[in-house]
Amino acid sequence: MPVWQKSTFSGSNDGNSVEVAQGDGDAIYVRESLDPDTIVTTDRARLKAFIAGVKAGEFDHLL
């Protein structure tokens, strides 16, 4: 059973936050707290690249 963690920046926002958990090996699980049954599986390198892209604004055109 994964141990889910959310960012301390999430605060108490009615449970709407992104949570992460360590999986087997290099697996990282990501889910939205409002839809906990939908889980995305990735690895550390891909998650790190995605976060860097978000910070750099690479996905801003999708909003």
# chains A, B, ... in the order shown; residues from 1 in each chain; ligands from 1

$ select_by_dssp --residues "region 3-57 of chain A" --states "strand (DSSP E or B)" --output "number ranges by chain"
A: 5-6, 18-22, 27-32, 35-43

$ residues_around --residues "region 36-40 of chain A" --least-positions-apart "5" --cutoff "10 Å" --atoms "only C-alpha atoms" --output "MDAnalysis selection string"
chainID A and resid 18:20 28:31

$ select_by_dssp --residues "chain A" --states "helix (DSSP H, G or I)" --output "PyMOL selection string"
chain A and resi 8-10+44-55+60-62

$ write_last_selection --atoms "C-alpha atoms" --output "PDB file, in the first residue's frame"
ATOM      1  CA  THR A   8       3.037  21.472   2.284  1.00  0.00           C
ATOM      2  CA  PHE A   9       2.012  24.249  -0.127  1.00  0.00           C
ATOM      3  CA  SER A  10      -1.371  22.528  -0.547  1.00  0.00           C
ATOM      4  CA  ARG A  44      11.923   9.958 -10.929  1.00  0.00           C
ATOM      5  CA  ALA A  45      13.652  11.201 -14.083  1.00  0.00           C
ATOM      6  CA  ARG A  46      10.394  11.723 -15.991  1.00  0.00           C
ATOM      7  CA  LEU A  47       8.669  13.374 -13.028  1.00  0.00           C
ATOM      8  CA  LYS A  48      11.653  15.698 -12.552  1.00  0.00           C
ATOM      9  CA  ALA A  49      11.572  16.639 -16.271  1.00  0.00           C
ATOM     10  CA  PHE A  50       7.812  17.267 -16.120  1.00  0.00           C
ATOM     11  CA  ILE A  51       8.138  19.522 -13.054  1.00  0.00           C
ATOM     12  CA  ALA A  52      10.958  21.444 -14.746  1.00  0.00           C
ATOM     13  CA  GLY A  53       8.732  21.908 -17.812  1.00  0.00           C
ATOM     14  CA  VAL A  54       5.853  23.189 -15.701  1.00  0.00           C
ATOM     15  CA  LYS A  55       8.161  25.666 -13.945  1.00  0.00           C
ATOM     16  CA  ASP A  60       1.041  27.337 -20.330  1.00  0.00           C
ATOM     17  CA  HIS A  61      -0.484  27.283 -23.818  1.00  0.00           C
ATOM     18  CA  LEU A  62      -2.716  24.382 -22.730  1.00  0.00           C
TER      19      LEU A  62
END

$ closest_residue --among "A:Ser17, A:Ala27, A:Pro2, A:Glu58" --to "Thr42 (chain A)" --atoms "only C-alpha atoms"
A:Ala27

$ closest_residue --among "A:Gly57, A:Asp35, A:Asp43, A:Ser7" --to "Gln22 (chain A)" --atoms "only C-alpha atoms"
A:Asp43

$ decode --residues "region 36-47 of chain A" --atoms "all heavy atoms" --output "tab-separated table (two decimals), in the first residue's frame"
chain	number	residue	atom	x	y	z
A	36	PRO	N	-8.84	9.70	-6.20
A	36	PRO	CA	-7.75	8.85	-5.76
A	36	PRO	C	-7.63	7.50	-6.47
A	36	PRO	O	-6.61	6.83	-6.35
A	36	PRO	CB	-8.03	8.66	-4.27
A	36	PRO	CG	-9.50	8.86	-4.14
A	36	PRO	CD	-9.85	9.89	-5.17
A	37	ASP	N	-8.66	7.09	-7.21
A	37	ASP	CA	-8.59	5.81	-7.90
A	37	ASP	C	-7.84	5.89	-9.22
A	37	ASP	O	-7.49	4.87	-9.80
A	37	ASP	CB	-10.00	5.26	-8.15
A	37	ASP	CG	-10.70	4.88	-6.85
A	37	ASP	OD1	-9.99	4.52	-5.88
A	37	ASP	OD2	-11.93	4.95	-6.79
A	38	THR	N	-7.61	7.11	-9.72
A	38	THR	CA	-6.85	7.31	-10.96
A	38	THR	C	-5.41	7.64	-10.58
A	38	THR	O	-5.14	8.68	-9.99
A	38	THR	CB	-7.46	8.45	-11.80
A	38	THR	OG1	-8.81	8.12	-12.10
A	38	THR	CG2	-6.67	8.64	-13.08
A	39	ILE	N	-4.51	6.73	-10.92
A	39	ILE	CA	-3.11	6.87	-10.53
A	39	ILE	C	-2.23	6.82	-11.78
A	39	ILE	O	-2.36	5.92	-12.60
A	39	ILE	CB	-2.70	5.75	-9.55
A	39	ILE	CG1	-3.56	5.84	-8.27
A	39	ILE	CG2	-1.22	5.82	-9.23
A	39	ILE	CD1	-3.41	4.65	-7.35
A	40	VAL	N	-1.35	7.80	-11.89
A	40	VAL	CA	-0.37	7.83	-12.96
A	40	VAL	C	0.94	7.27	-12.40
A	40	VAL	O	1.36	7.64	-11.31
A	40	VAL	CB	-0.15	9.28	-13.46
A	40	VAL	CG1	0.97	9.34	-14.47
A	40	VAL	CG2	-1.43	9.84	-14.03
A	41	THR	N	1.57	6.38	-13.15
A	41	THR	CA	2.85	5.81	-12.74
A	41	THR	C	3.94	6.35	-13.64
A	41	THR	O	3.81	6.34	-14.87
A	41	THR	CB	2.82	4.28	-12.82
A	41	THR	OG1	1.75	3.79	-12.02
A	41	THR	CG2	4.13	3.68	-12.33
A	42	THR	N	5.02	6.82	-13.04
A	42	THR	CA	6.16	7.34	-13.79
A	42	THR	C	7.42	6.97	-13.03
A	42	THR	O	7.39	6.16	-12.12
A	42	THR	CB	6.01	8.87	-14.00
A	42	THR	OG1	7.00	9.31	-14.92
A	42	THR	CG2	6.09	9.64	-12.72
A	43	ASP	N	8.54	7.56	-13.42
A	43	ASP	CA	9.78	7.35	-12.66
A	43	ASP	C	10.36	8.71	-12.29
A	43	ASP	O	9.87	9.75	-12.72
A	43	ASP	CB	10.79	6.50	-13.43
A	43	ASP	CG	11.22	7.11	-14.75
A	43	ASP	OD1	11.40	8.34	-14.83
A	43	ASP	OD2	11.40	6.34	-15.72
A	44	ARG	N	11.37	8.71	-11.45
A	44	ARG	CA	11.92	9.96	-10.93
A	44	ARG	C	12.40	10.90	-12.03
A	44	ARG	O	12.15	12.09	-12.00
A	44	ARG	CB	13.07	9.67	-9.97
A	44	ARG	CG	12.62	9.08	-8.66
A	44	ARG	CD	13.82	8.86	-7.73
A	44	ARG	NE	13.39	8.24	-6.50
A	44	ARG	CZ	12.92	8.93	-5.46
A	44	ARG	NH1	12.83	10.22	-5.51
A	44	ARG	NH2	12.53	8.29	-4.37
A	45	ALA	N	13.10	10.36	-13.01
A	45	ALA	CA	13.65	11.20	-14.08
A	45	ALA	C	12.54	11.88	-14.88
A	45	ALA	O	12.62	13.08	-15.17
A	45	ALA	CB	14.55	10.38	-15.00
A	46	ARG	N	11.50	11.14	-15.22
A	46	ARG	CA	10.39	11.72	-15.99
A	46	ARG	C	9.60	12.73	-15.17
A	46	ARG	O	9.19	13.77	-15.67
A	46	ARG	CB	9.49	10.62	-16.52
A	46	ARG	CG	10.14	9.84	-17.64
A	46	ARG	CD	9.17	8.84	-18.24
A	46	ARG	NE	9.78	8.19	-19.37
A	46	ARG	CZ	10.03	6.89	-19.45
A	46	ARG	NH1	9.69	6.10	-18.43
A	46	ARG	NH2	10.58	6.36	-20.51
A	47	LEU	N	9.39	12.43	-13.89
A	47	LEU	CA	8.67	13.37	-13.03
A	47	LEU	C	9.48	14.66	-12.87
A	47	LEU	O	8.94	15.76	-12.94
A	47	LEU	CB	8.36	12.76	-11.66
A	47	LEU	CG	7.58	13.64	-10.70
A	47	LEU	CD1	6.23	14.05	-11.30
A	47	LEU	CD2	7.38	12.93	-9.37
